[in-house]
Structures are given as C-alpha cells and as structure tokens.
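To be precise, the following lines are data-v5.cif, and they hold mmCIF, C-alpha atoms (C1' of nucleotides).
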data_final
#
loop_
_atom_site.label_atom_id
_atom_site.label_comp_id
_atom_site.auth_asym_id
_atom_site.auth_seq_id
_atom_site.Cartn_x
_atom_site.Cartn_y
_atom_site.Cartn_z
CA MET A 1 202.60 111.34 45.91
CA SER A 2 203.05 113.61 48.89
CA LYS A 3 200.38 113.84 51.52
CA ARG A 4 199.78 117.39 50.48
CA ASP A 5 199.20 116.50 46.84
CA ASP A 6 196.91 113.69 47.89
CA LEU A 7 194.84 116.04 50.03
CA ALA A 8 194.74 118.55 47.18
CA GLU A 9 193.31 115.94 44.81
CA GLN A 10 190.73 114.74 47.31
CA ALA A 11 189.76 118.28 48.25
CA THR A 12 189.35 119.13 44.58
CA ASP A 13 187.03 116.16 44.13
CA HIS A 14 184.98 117.29 47.08
CA ALA A 15 184.77 120.88 45.86
CA LEU A 16 183.81 119.76 42.37
CA GLU A 17 180.92 117.84 43.87
CA HIS A 18 179.67 120.24 46.52
CA GLY A 19 180.59 123.59 45.07
CA LEU A 20 183.16 126.18 45.88
CA ILE A 21 181.02 128.95 47.29
CA GLY A 22 179.95 127.54 50.64
CA LEU A 23 183.20 125.65 51.11
CA SER A 24 184.56 125.69 54.66
CA LEU A 25 187.42 123.90 56.29
CA ARG A 26 185.79 121.76 58.96
CA PRO A 27 183.20 119.96 56.80
CA LEU A 28 185.74 119.56 54.02
CA ALA A 29 188.29 118.10 56.40
CA ALA A 30 185.70 115.75 57.89
CA ALA A 31 184.77 114.51 54.41
CA LEU A 32 188.43 113.79 53.69
CA GLY A 33 188.93 112.01 56.99
CA THR A 34 191.24 114.62 58.42
CA SER A 35 190.97 117.84 60.40
CA ASP A 36 190.89 121.52 59.58
CA ARG A 37 194.09 121.69 61.58
CA MET A 38 195.84 119.48 59.03
CA LEU A 39 194.51 121.34 56.01
CA LEU A 40 195.92 124.55 57.43
CA TYR A 41 199.14 122.75 58.25
CA HIS A 42 199.61 121.61 54.67
CA PHE A 43 198.26 124.63 52.81
CA GLY A 44 198.89 127.44 55.24
CA THR A 45 195.69 129.32 54.54
CA LYS A 46 192.22 128.63 53.26
CA ASP A 47 192.92 130.97 50.35
CA ASP A 48 196.00 128.96 49.41
CA LEU A 49 193.98 125.77 49.59
CA VAL A 50 191.32 127.20 47.31
CA ALA A 51 193.90 128.50 44.85
CA THR A 52 195.40 125.02 44.74
CA LEU A 53 191.99 123.41 44.19
CA LEU A 54 191.28 125.71 41.28
CA ARG A 55 194.63 125.00 39.68
CA VAL A 56 194.17 121.25 40.03
CA SER A 57 190.70 121.46 38.51
CA ASN A 58 191.90 123.65 35.67
CA ASP A 59 194.81 121.34 34.96
CA ARG A 60 192.35 118.49 34.54
CA SER A 61 190.24 120.49 32.09
CA VAL A 62 193.24 121.55 30.08
CA ALA A 63 194.64 118.03 30.00
CA ALA A 64 191.34 116.74 28.65
CA VAL A 65 191.32 119.28 25.83
CA ARG A 66 194.97 118.71 24.97
CA ALA A 67 194.26 114.98 24.79
CA LEU A 68 191.81 115.50 21.93
CA THR A 69 192.81 114.24 18.51
CA PRO A 70 192.93 117.09 15.99
CA ALA A 71 189.84 117.07 13.78
CA ARG A 72 189.61 117.29 10.00
CA ASP A 73 187.88 120.65 10.00
CA VAL A 74 186.66 123.40 12.30
CA ARG A 75 183.13 122.15 12.66
CA ARG A 76 184.30 118.75 13.78
CA ALA A 77 186.83 120.35 16.07
CA VAL A 78 184.17 122.47 17.74
CA ARG A 79 181.83 119.54 18.03
CA ASP A 80 184.57 117.44 19.59
CA LEU A 81 185.23 120.23 22.06
CA TRP A 82 181.55 120.43 22.88
CA ARG A 83 181.34 116.70 23.40
CA ALA A 84 184.40 116.72 25.65
CA MET A 85 183.06 119.62 27.65
CA ASN A 86 179.82 117.75 28.23
CA THR A 87 181.63 114.96 29.96
CA GLU A 88 180.40 114.72 33.52
CA SER A 89 183.85 115.42 34.90
CA LEU A 90 184.73 118.33 32.64
CA GLN A 91 181.35 119.91 33.21
CA ARG A 92 182.02 119.90 36.93
CA CYS A 93 185.36 121.58 36.41
CA GLN A 94 183.74 124.22 34.28
CA ARG A 95 181.02 124.72 36.84
CA MET A 96 183.55 125.31 39.57
CA TYR A 97 185.43 127.69 37.30
CA VAL A 98 182.24 129.66 36.89
CA GLU A 99 181.81 129.80 40.64
CA ALA A 100 185.35 131.06 41.03
CA ALA A 101 184.85 133.64 38.32
CA ALA A 102 181.71 134.87 40.04
CA LEU A 103 183.59 135.09 43.34
CA GLY A 104 186.25 137.11 41.58
CA LEU A 105 183.77 139.40 39.83
CA PHE A 106 184.31 142.11 42.41
CA GLY A 107 188.06 141.61 42.55
CA ARG A 108 188.05 139.36 45.59
CA GLU A 109 191.30 137.48 46.02
CA PRO A 110 192.58 134.87 45.50
CA TYR A 111 189.76 134.14 43.07
CA ALA A 112 190.34 137.02 40.65
CA THR A 113 194.01 136.20 40.16
CA VAL A 114 193.65 132.45 39.87
CA VAL A 115 190.74 132.76 37.47
CA ARG A 116 192.78 135.08 35.28
CA GLU A 117 195.63 132.58 35.13
CA ALA A 118 193.33 129.61 34.59
CA ASN A 119 191.42 131.33 31.83
CA GLU A 120 194.60 132.18 29.97
CA VAL A 121 195.80 128.57 30.00
CA TRP A 122 192.40 127.22 29.09
CA ILE A 123 191.93 129.62 26.18
CA GLY A 124 195.36 128.63 24.93
CA ALA A 125 194.51 124.94 24.97
CA VAL A 126 191.24 125.43 23.09
CA ALA A 127 192.87 127.69 20.50
CA ASP A 128 195.64 125.14 20.01
CA HIS A 129 193.06 122.48 19.31
CA LEU A 130 191.50 124.63 16.62
CA VAL A 131 194.91 125.35 15.14
CA ALA A 132 195.76 121.66 15.13
CA SER A 133 192.49 121.14 13.28
CA GLY A 134 193.57 123.42 10.48
CA VAL A 135 192.48 126.88 11.57
CA ARG A 136 194.82 129.82 11.06
CA ARG A 137 196.18 131.02 14.39
CA SER A 138 194.73 134.53 14.30
CA ARG A 139 191.32 133.14 13.34
CA ALA A 140 191.56 130.47 15.99
CA VAL A 141 192.05 133.07 18.71
CA ARG A 142 188.97 134.97 17.61
CA ALA A 143 186.92 131.82 17.27
CA THR A 144 188.02 130.65 20.71
CA ALA A 145 186.95 133.90 22.32
CA LEU A 146 183.46 133.51 20.90
CA LEU A 147 183.27 129.81 21.65
CA ASP A 148 184.44 130.17 25.21
CA ALA A 149 182.11 133.06 26.01
CA ALA A 150 179.08 131.22 24.65
CA TYR A 151 180.02 127.98 26.34
CA THR A 152 180.50 129.65 29.69
CA GLY A 153 177.15 131.36 29.34
CA LEU A 154 175.45 128.09 28.50
CA MET A 155 177.09 126.49 31.52
CA LEU A 156 175.60 129.17 33.74
CA ASP A 157 172.11 128.57 32.39
CA LEU A 158 172.41 124.82 32.61
CA PRO A 159 170.40 124.35 35.81
CA LEU A 160 167.57 126.33 34.24
CA ASP A 161 164.82 124.60 32.31
CA GLU A 162 165.76 121.19 31.08
CA GLY A 163 169.39 122.03 30.48
CA VAL A 164 171.44 120.33 27.81
CA PRO A 165 168.73 118.84 25.58
CA GLN A 166 167.12 122.21 25.08
CA GLN A 167 170.50 123.71 24.24
CA ARG A 168 171.06 121.53 21.19
CA GLN A 169 169.83 124.11 18.71
CA THR A 170 171.92 126.79 20.37
CA VAL A 171 174.98 124.57 20.09
CA ARG A 172 174.29 124.00 16.40
CA ASP A 173 174.06 127.73 15.89
CA LEU A 174 177.23 128.19 17.89
CA VAL A 175 179.12 125.65 15.79
CA ASP A 176 178.07 127.51 12.67
CA ALA A 177 179.12 130.83 14.15
CA VAL A 178 182.52 129.59 15.27
CA ALA A 179 183.11 127.90 11.95
CA ALA A 180 182.26 131.12 10.16
CA VAL A 181 184.79 133.05 12.21
CA ALA A 182 187.43 130.37 11.86
CA GLN A 183 187.07 130.03 8.11
CA GLY A 184 187.14 133.77 7.62
CA SER A 185 184.01 133.85 5.51
CA ALA A 186 183.13 137.05 7.31
CA MET B 1 156.45 154.42 48.39
CA SER B 2 156.29 152.15 51.41
CA LYS B 3 159.22 151.92 53.77
CA ARG B 4 159.72 148.36 52.64
CA ASP B 5 159.91 149.29 48.97
CA ASP B 6 162.30 152.08 49.79
CA LEU B 7 164.58 149.70 51.69
CA ALA B 8 164.38 147.23 48.81
CA GLU B 9 165.58 149.85 46.34
CA GLN B 10 168.39 151.02 48.58
CA ALA B 11 169.45 147.48 49.39
CA THR B 12 169.48 146.66 45.69
CA ASP B 13 171.75 149.62 45.02
CA HIS B 14 174.09 148.46 47.75
CA ALA B 15 174.17 144.88 46.48
CA LEU B 16 174.78 146.04 42.92
CA GLU B 17 177.80 147.95 44.13
CA HIS B 18 179.29 145.52 46.62
CA GLY B 19 178.24 142.19 45.24
CA LEU B 20 175.74 139.59 46.29
CA ILE B 21 178.01 136.82 47.46
CA GLY B 22 179.43 138.19 50.68
CA LEU B 23 176.25 140.08 51.49
CA SER B 24 175.27 140.00 55.16
CA LEU B 25 172.60 141.79 57.09
CA ARG B 26 174.50 143.89 59.60
CA PRO B 27 176.85 145.71 57.21
CA LEU B 28 174.04 146.13 54.70
CA ALA B 29 171.74 147.58 57.35
CA ALA B 30 174.48 149.91 58.58
CA ALA B 31 175.04 151.18 55.04
CA LEU B 32 171.33 151.91 54.71
CA GLY B 33 171.18 153.68 58.05
CA THR B 34 169.04 151.05 59.69
CA SER B 35 169.50 147.80 61.62
CA ASP B 36 169.49 144.13 60.75
CA ARG B 37 166.53 143.95 63.08
CA MET B 38 164.52 146.20 60.76
CA LEU B 39 165.51 144.36 57.59
CA LEU B 40 164.25 141.14 59.10
CA TYR B 41 161.13 142.94 60.28
CA HIS B 42 160.29 144.11 56.77
CA PHE B 43 161.46 141.11 54.75
CA GLY B 44 161.06 138.28 57.21
CA THR B 45 164.16 136.41 56.16
CA LYS B 46 167.48 137.09 54.52
CA ASP B 47 166.47 134.78 51.69
CA ASP B 48 163.32 136.80 51.10
CA LEU B 49 165.37 139.99 51.10
CA VAL B 50 167.77 138.56 48.54
CA ALA B 51 164.96 137.30 46.35
CA THR B 52 163.47 140.78 46.41
CA LEU B 53 166.81 142.39 45.52
CA LEU B 54 167.22 140.12 42.54
CA ARG B 55 163.73 140.86 41.30
CA VAL B 56 164.24 144.59 41.63
CA SER B 57 167.53 144.39 39.76
CA ASN B 58 166.06 142.23 37.03
CA ASP B 59 163.09 144.54 36.64
CA ARG B 60 165.51 147.39 36.01
CA SER B 61 167.36 145.41 33.33
CA VAL B 62 164.17 144.37 31.61
CA ALA B 63 162.77 147.89 31.71
CA ALA B 64 165.95 149.20 30.05
CA VAL B 65 165.66 146.67 27.21
CA ARG B 66 161.95 147.27 26.72
CA ALA B 67 162.64 150.99 26.50
CA LEU B 68 164.79 150.50 23.41
CA THR B 69 163.44 151.80 20.14
CA PRO B 70 163.08 148.98 17.61
CA ALA B 71 165.92 148.99 15.10
CA ARG B 72 165.79 148.83 11.32
CA ASP B 73 167.50 145.46 11.10
CA VAL B 74 168.95 142.69 13.24
CA ARG B 75 172.50 143.94 13.26
CA ARG B 76 171.46 147.32 14.53
CA ALA B 77 169.14 145.69 17.05
CA VAL B 78 171.96 143.56 18.42
CA ARG B 79 174.34 146.51 18.49
CA ASP B 80 171.75 148.57 20.35
CA LEU B 81 171.34 145.76 22.84
CA TRP B 82 175.08 145.55 23.29
CA ARG B 83 175.35 149.29 23.83
CA ALA B 84 172.53 149.24 26.37
CA MET B 85 174.07 146.30 28.21
CA ASN B 86 177.34 148.17 28.46
CA THR B 87 175.70 150.95 30.39
CA GLU B 88 177.30 151.14 33.81
CA SER B 89 173.98 150.44 35.53
CA LEU B 90 172.90 147.56 33.34
CA GLN B 91 176.32 145.97 33.56
CA ARG B 92 176.01 145.94 37.33
CA CYS B 93 172.64 144.28 37.12
CA GLN B 94 174.03 141.64 34.82
CA ARG B 95 176.99 141.12 37.10
CA MET B 96 174.74 140.52 40.06
CA TYR B 97 172.64 138.16 37.97
CA VAL B 98 175.78 136.18 37.23
CA GLU B 99 176.57 136.01 40.92
CA ALA B 100 173.08 134.76 41.66
CA ALA B 101 173.31 132.18 38.89
CA ALA B 102 176.61 130.94 40.30
CA LEU B 103 175.06 130.72 43.76
CA GLY B 104 172.23 128.71 42.25
CA LEU B 105 174.53 126.42 40.26
CA PHE B 106 174.24 123.69 42.87
CA GLY B 107 170.53 124.18 43.39
CA ARG B 108 170.84 126.44 46.40
CA GLU B 109 167.66 128.31 47.17
CA PRO B 110 166.35 130.93 46.79
CA TYR B 111 168.90 131.66 44.10
CA ALA B 112 168.08 128.81 41.73
CA THR B 113 164.39 129.62 41.61
CA VAL B 114 164.71 133.39 41.33
CA VAL B 115 167.38 133.09 38.65
CA ARG B 116 165.13 130.79 36.65
CA GLU B 117 162.28 133.30 36.80
CA ALA B 118 164.52 136.26 36.06
CA ASN B 119 166.15 134.56 33.10
CA GLU B 120 162.81 133.74 31.55
CA VAL B 121 161.61 137.34 31.75
CA TRP B 122 164.94 138.71 30.51
CA ILE B 123 165.08 136.34 27.53
CA GLY B 124 161.56 137.33 26.67
CA ALA B 125 162.42 141.01 26.65
CA VAL B 126 165.47 140.54 24.44
CA ALA B 127 163.60 138.32 22.02
CA ASP B 128 160.79 140.86 21.81
CA HIS B 129 163.29 143.54 20.89
CA LEU B 130 164.57 141.40 18.04
CA VAL B 131 161.03 140.68 16.89
CA ALA B 132 160.19 144.38 17.01
CA SER B 133 163.24 144.93 14.84
CA GLY B 134 161.88 142.66 12.16
CA VAL B 135 163.09 139.20 13.08
CA ARG B 136 160.74 136.25 12.80
CA ARG B 137 159.70 135.02 16.24
CA SER B 138 161.15 131.52 15.98
CA ARG B 139 164.44 132.91 14.68
CA ALA B 140 164.46 135.57 17.39
CA VAL B 141 164.23 132.94 20.10
CA ARG B 142 167.22 131.06 18.70
CA ALA B 143 169.20 134.22 18.18
CA THR B 144 168.45 135.36 21.72
CA ALA B 145 169.67 132.09 23.18
CA LEU B 146 173.01 132.50 21.42
CA LEU B 147 173.27 136.20 22.17
CA ASP B 148 172.45 135.80 25.84
CA ALA B 149 174.85 132.91 26.37
CA ALA B 150 177.73 134.75 24.73
CA TYR B 151 176.96 137.97 26.52
CA THR B 152 176.82 136.28 29.90
CA GLY B 153 180.12 134.58 29.20
CA LEU B 154 181.73 137.86 28.22
CA MET B 155 180.41 139.41 31.41
CA LEU B 156 182.08 136.71 33.43
CA ASP B 157 185.41 137.33 31.74
CA LEU B 158 185.15 141.08 32.04
CA PRO B 159 187.46 141.50 35.03
CA LEU B 160 190.13 139.56 33.16
CA ASP B 161 192.64 141.28 30.96
CA GLU B 162 191.61 144.78 29.93
CA GLY B 163 187.94 143.97 29.69
CA VAL B 164 185.62 145.63 27.23
CA PRO B 165 188.10 147.15 24.74
CA GLN B 166 189.67 143.78 24.07
CA GLN B 167 186.23 142.27 23.54
CA ARG B 168 185.37 144.49 20.57
CA GLN B 169 186.37 141.92 17.96
CA THR B 170 184.42 139.23 19.80
CA VAL B 171 181.37 141.44 19.85
CA ARG B 172 181.69 142.05 16.11
CA ASP B 173 181.85 138.32 15.54
CA LEU B 174 178.90 137.84 17.85
CA VAL B 175 176.82 140.40 15.99
CA ASP B 176 177.54 138.57 12.74
CA ALA B 177 176.63 135.24 14.30
CA VAL B 178 173.37 136.47 15.77
CA ALA B 179 172.45 138.19 12.53
CA ALA B 180 173.12 134.97 10.64
CA VAL B 181 170.81 133.03 12.91
CA ALA B 182 168.15 135.72 12.86
CA GLN B 183 168.13 136.07 9.09
CA GLY B 184 167.98 132.35 8.59
CA SER B 185 170.86 132.26 6.19
CA ALA B 186 171.86 129.01 7.91
"C1'" DG C 1 142.01 158.54 78.17
"C1'" DG C 2 142.88 153.91 77.12
"C1'" DA C 3 143.60 150.06 74.15
"C1'" DC C 4 146.02 148.46 70.50
"C1'" DG C 5 149.06 147.52 66.71
"C1'" DA C 6 152.91 149.03 63.80
"C1'" DG C 7 157.65 150.26 64.13
"C1'" DT C 8 162.10 150.22 66.47
"C1'" DG C 9 166.20 149.83 69.85
"C1'" DT C 10 168.96 146.65 72.81
"C1'" DA C 11 170.76 142.62 73.93
"C1'" DG C 12 171.78 138.14 73.21
"C1'" DC C 13 171.45 133.11 71.71
"C1'" DG C 14 173.36 129.25 69.29
"C1'" DG C 15 176.25 128.11 65.91
"C1'" DG C 16 179.70 128.50 62.28
"C1'" DT C 17 184.19 130.64 60.67
"C1'" DG C 18 189.42 130.85 59.90
"C1'" DC C 19 193.10 130.29 62.57
"C1'" DT C 20 196.40 129.37 66.62
"C1'" DA C 21 198.74 127.68 71.03
"C1'" DC C 22 200.29 123.83 73.09
"C1'" DA C 23 201.17 119.25 73.82
"C1'" DT C 24 201.89 114.94 71.93
"C1'" DT C 25 203.00 111.20 68.85
"C1'" DT C 26 205.76 109.29 65.24
"C1'" DG C 27 209.52 108.47 62.25
"C1'" DT C 28 214.28 108.92 61.36
"C1'" DA C 29 219.19 110.00 61.72
"C1'" DG C 30 223.41 110.15 64.66
"C1'" DC D 1 219.17 105.36 72.96
"C1'" DT D 2 218.85 109.93 72.07
"C1'" DA D 3 217.74 114.00 69.67
"C1'" DC D 4 215.30 116.37 66.67
"C1'" DA D 5 211.89 117.45 63.09
"C1'" DA D 6 207.66 116.36 60.83
"C1'" DA D 7 202.94 115.26 61.65
"C1'" DT D 8 198.85 115.34 64.34
"C1'" DG D 9 195.20 115.77 68.28
"C1'" DT D 10 192.76 118.89 71.55
"C1'" DA D 11 191.10 122.99 72.92
"C1'" DG D 12 189.98 127.33 72.29
"C1'" DC D 13 190.07 132.36 70.71
"C1'" DA D 14 187.86 136.19 68.51
"C1'" DC D 15 184.69 137.16 65.35
"C1'" DC D 16 180.75 136.94 62.34
"C1'" DC D 17 176.30 135.01 61.10
"C1'" DG D 18 170.92 134.82 60.86
"C1'" DC D 19 167.57 135.33 63.90
"C1'" DT D 20 164.71 136.26 68.22
"C1'" DA D 21 162.90 137.85 72.92
"C1'" DC D 22 161.62 141.74 75.24
"C1'" DA D 23 160.71 146.25 76.15
"C1'" DC D 24 159.55 150.56 74.56
"C1'" DT D 25 157.64 154.53 71.76
"C1'" DC D 26 154.48 156.22 68.97
"C1'" DG D 27 150.15 157.32 66.21
"C1'" DT D 28 145.31 156.08 65.69
"C1'" DC D 29 140.68 154.74 66.73
"C1'" DC D 30 136.91 153.97 70.14
#
Please go through the file and, once you have read it, give me the structure as structure tokens.
Amino acid sequence: MSKRDDLAEQATDHALEHGLIGLSLRPLAAALGTSDRMLLYHFGTKDDLVATLLRVSNDRSVAAVRALTPARDVRRAVRDLWRAMNTESLQRCQRMYVEAAALGLFGREPYATVVREANEVWIGAVADHLVASGVRRSRAVRATALLDAAYTGLMLDLPLDEGVPQQRQTVRDLVDAVAAVAQGSA
Amino acid sequence: MSKRDDLAEQATDHALEHGLIGLSLRPLAAALGTSDRMLLYHFGTKDDLVATLLRVSNDRSVAAVRALTPARDVRRAVRDLWRAMNTESLQRCQRMYVEAAALGLFGREPYATVVREANEVWIGAVADHLVASGVRRSRAVRATALLDAAYTGLMLDLPLDEGVPQQRQTVRDLVDAVAAVAQGSA
DNA sequence: GGACGAGTGTAGCGGGTGCTACATTTGTAG
DNA sequence: CTACAAATGTAGCACCCGCTACACTCGTCC
C-alpha cells in the first residue's frame, strides 16, 4: 500500500472519530504522526484530501451493504440493513456523510460534488440489496428512496434524547412503510 | 423593537441565506451595516449570537406550522405540512436547522443543546397539527417521528439531482406511510 | 453644568488557517 | 561514486478568526 493510501486510511479514521466540520491540517497531521506539509505533498490540497476521505468512508459503507446476504423477504432485508447501519463503524460513516451533506447544502465544493457521487453509489447498493431479496427493481428504487431519507433523518436526530432505543418504534413503522412500498400493496 | 432584537432578525435572515457553517462575525456585521464590535456588544459571544439565530429561525418554522388550519384527515394534514415545508422561507429554516444539527453531531456547543430544544418544540407543533386533524395523540407522536425523519432526510438530499420534482413519488409514499401509522392500520 | 452610563469607532492582540519557498535527507539507478 | 528524483523538515507568509482595550460621543438625570 502506497504511503498516500495509508495516510488516506488513517486520515479517514481520524475524521470519522473527530468529525469533518472542524477538520484542519495541522492537528490531523499531528494525530497521524506526520506534518501538514506532507499531507499537502501527497494530496495537493485540503479539498482533495477531504474528497478522498469521503470516498474512502463511502466505499466502506457500500462494501458493508454489498456484503450482506440477501434476505428471504423485504422486511428481513430492511431489518438487516438497519442492523448493519447501526454498527458502530457504519454509523460513523453515515454521520460523516451527514456532515458532508450539510457542508454541501449551500453548494460549497468539494462537498456538494462528492456527496452527490457518494449518494448515488450508496443508493445503488441499498437498492441492489432489496432486489436481491426479491423486490422488483422499480419498487426497490422507490423503497430505497424512502428508507434512505428516513434513515438519514434518524441519524441526524441521534444525539438528541436517548437516541437509538427511543427510535425503535419509529424503525418498526419504517420497516412497515418500506415493505408496503416494496410489495406494491399501495 | 430593541436594537438587539432588530439585529437578531437581520442576522437570522443573513444566516438563512448564506448558511450557518461558515458564518463569521466580520462579514455578517458588514452585511448588516454594523461592526463585529457591536454584535459582540449586544450578544456577548458568537455562540450566544448563533443560539439566538437558531431560536429565531425555529420560532418562525413553528409559527408557520401552528398557523395551519386543521385538515379533514391525516393524508390532507400531511400534504398540508409538506406544502408548508416547501415554502421558500420554511425550507431555508429547515436547511439551517440541518446545518446546526450537523454541527452538533459531535456534541459541539451551543449547537447540540439548541438543536435539542428546537427539535422538541418543532416535533410538538407538527404532532399538534396531526392531532387537530383528527389523529389520536399516541399515533400522532409516532407518525410525527417518521414524518420528521423522512422530511429531514429529503431536505439533506435536496441539492442532489434535480431536487423536489424527483422527490414527488417519495413524498407520495411517505404520505401513505404516515397515514398508515396515524390510522393505526398496522 | 456636570456626572454618568449606554452605544460606538479604531486599533490591535494572540492564535489558527491553508499553503509555499527553500534546503535537506534519502533511496535508487547509471 | 555520482546524479537525480522522491520524500521530508523548517520557517514563514498572508489572511482570517473571536475577542478586547481604550477613547470618544451622546442623551439623560440631578
């Protein structure tokens, strides 16, 4: 693995832990045992570094979803997705994605562009999982849109109240809703 | 209206237009025709200023929802909410809320605290609208949780693709899902 | 008129930012 | 051994940040 790739992985870990928004080169470099000088040397620009981080993080998320075994029906598929997404590591990736999306909300680059790409890939992976679990493609796309929107919203509210435990009922309702869309009962 | 309140309103307008994340005192003050010195004089601290902005913005959102006429059934209630939320002004408020929530994702103050407060009030207003439209309280709370999560997620994805038009199908599915929860058919 | 407090302008402090210039080390190929 | 390119350290530039010290102008009350 090239030095650059190694730094990218380490930097991604650091960003996943400390957040993307306040990220700055000197503290990051210090945490990785290198210097801002070297980060710029390898990545050219802070924006390029950040874009790389986001892609690495997204690749991890997508890999985790694609590694799921297809389920016997939609409900199980959605529940499996939910369980995977609540993994410590995947939750961090999603959290950083949310940060990036917020940074891109007003069109700021490179966030807007990278988030657009990442979202497309991610949506594709989730939809594929539903398809592999027996959902018709067109239905799967619709179901994924709903599922992803709700999941992202829940992620954003996570630090509020008691977080996950209190969301259980919402998740049950969400599973029902996604299943309804996927099965075309509506 | 006190000078301070006036500045708070103007500053809120500015933040709603230019985003919360890059906000800094000098450009903000210049845009309002004053100086950073005066902002600090009136608000004490940038954090206090930001907290005030967020409260003003949230108050506007909540007022807009509370001004809605109760609907004849859940579906109409949800569609009215969706239409209200897609008002230019309300969308901006929601967008800034999302920024604040992202800033608070890692516990950063004052964002985390203010977002928690704002969310509570906002959820209450939406739930009340559902109740006023004939939904049982306990059902309304569940339906609101789902509705709010999905709506926030959609907001975050808005800058992607073509935005609202492409979300129409998702919104239809969401209306069905919320109605299902509210009517207790599940 | 004189004291006083609210409001405001000017200047600047200390520190962080992304990034760069320059010199140096290190590894490798001829 | 030499030559050259990749990798790295040191120092610093120009700029932005939140915030503050100090002086000054007012309007108001005694």
Within 9 Å of chain A: residues of chain C, using only C-alpha atoms (C1' of nucleotides), as an MDAnalysis selection string: chainID C and resid 17:19
Between CA of Thr12 in chain B and CA of Asp47 in chain B, distance in Å (one decimal): 13.6 Å
Using the chain letters and residue numbers of this document, give as a short mmCIF file (atom, residue, chain, number, x, y, z; two decimals) with C-alpha atoms, keeping the file's coordinate frame the residues selected by the PyMOL selection byres ((chain B) within 6 of (chain A)).
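In the end it all went to result.cif:
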data_model
loop_
_atom_site.label_atom_id
_atom_site.label_comp_id
_atom_site.auth_asym_id
_atom_site.auth_seq_id
_atom_site.Cartn_x
_atom_site.Cartn_y
_atom_site.Cartn_z
CA GLU B 99 176.57 136.01 40.92
CA ALA B 102 176.61 130.94 40.30
CA ARG B 116 165.13 130.79 36.65
CA LEU B 146 173.01 132.50 21.42
CA ALA B 149 174.85 132.91 26.37
CA ALA B 150 177.73 134.75 24.73
CA THR B 152 176.82 136.28 29.90
CA GLY B 153 180.12 134.58 29.20
CA LEU B 154 181.73 137.86 28.22
CA LEU B 160 190.13 139.56 33.16
CA THR B 170 184.42 139.23 19.80
CA ALA B 177 176.63 135.24 14.30
#
Neighbours of chain D in chain A at 12 Å, counting all atoms listed in the file, as JSON, numbers by chain: {"A": [3, 4, 34, 35, 36, 37, 38, 39, 40, 41, 42]}
Straight-line distance linking CA of Gly134 in chain B with CA of Ala182 in chain B, stated in Å to one decimal: 9.4 Å
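A distance cut-off of 8 Å around (184.9, 123.9, 19.4), counting all atoms listed in the file, selects these protein and nucleic acid residues: A:Val74, A:Arg75, A:Arg76, A:Ala77, A:Val78, A:Arg79, A:Asp80, A:Leu81, A:Trp82, A:Val126, A:Leu130, A:Thr144, A:Leu147, A:Val175, A:Val178.
For the residues B:Asp128, B:Asp73, B:Asp48, B:Glu9, ranking by smallest atom-to-atom distance to Val114 in chain B using all atoms listed in the file places B:Asp48 first.
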Point-to-point distance from CA of Ser89 in chain A to CA of Arg72 in chain A, Å rounded to tenths: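 These two atoms are separated by 25.6 Å.
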Once 6 Å is added on each side, what centre and edge lengths in Å to one decimal does the axis-aligned box around all listed atoms of range 1-18 of chain C have, as JSON?
{"center_x": 165.7, "center_y": 143.3, "center_z": 69.0, "size_x": 59.4, "size_y": 42.4, "size_z": 30.3}
Just the residues within 8 Å of Leu53 in chain B, please, counting all atoms listed in the file, with nothing from its chain fewer than 2 positions along; format it as a tab-separated table (two decimals) with C-alpha atoms, in the frame of the given file.
chain	number	residue	atom	x	y	z
B	8	ALA	CA	164.38	147.23	48.81
B	9	GLU	CA	165.58	149.85	46.34
B	11	ALA	CA	169.45	147.48	49.39
B	12	THR	CA	169.48	146.66	45.69
B	15	ALA	CA	174.17	144.88	46.48
B	49	LEU	CA	165.37	139.99	51.10
B	50	VAL	CA	167.77	138.56	48.54
B	51	ALA	CA	164.96	137.30	46.35
B	55	ARG	CA	163.73	140.86	41.30
B	56	VAL	CA	164.24	144.59	41.63
B	57	SER	CA	167.53	144.39	39.76
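Using only C-alpha atoms (C1' of nucleotides), the contacts of Ser61 in chain B at a cut-off of 7 Å, with sequence neighbours closer than 4 positions omitted, comprise Ser57, Val65, Leu90 and Cys93 of chain B.
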Counting only C-alpha atoms, the option among A:Arg92, A:Arg139, A:His129, A:Arg168 closest to Arg66 in chain A: A:His129
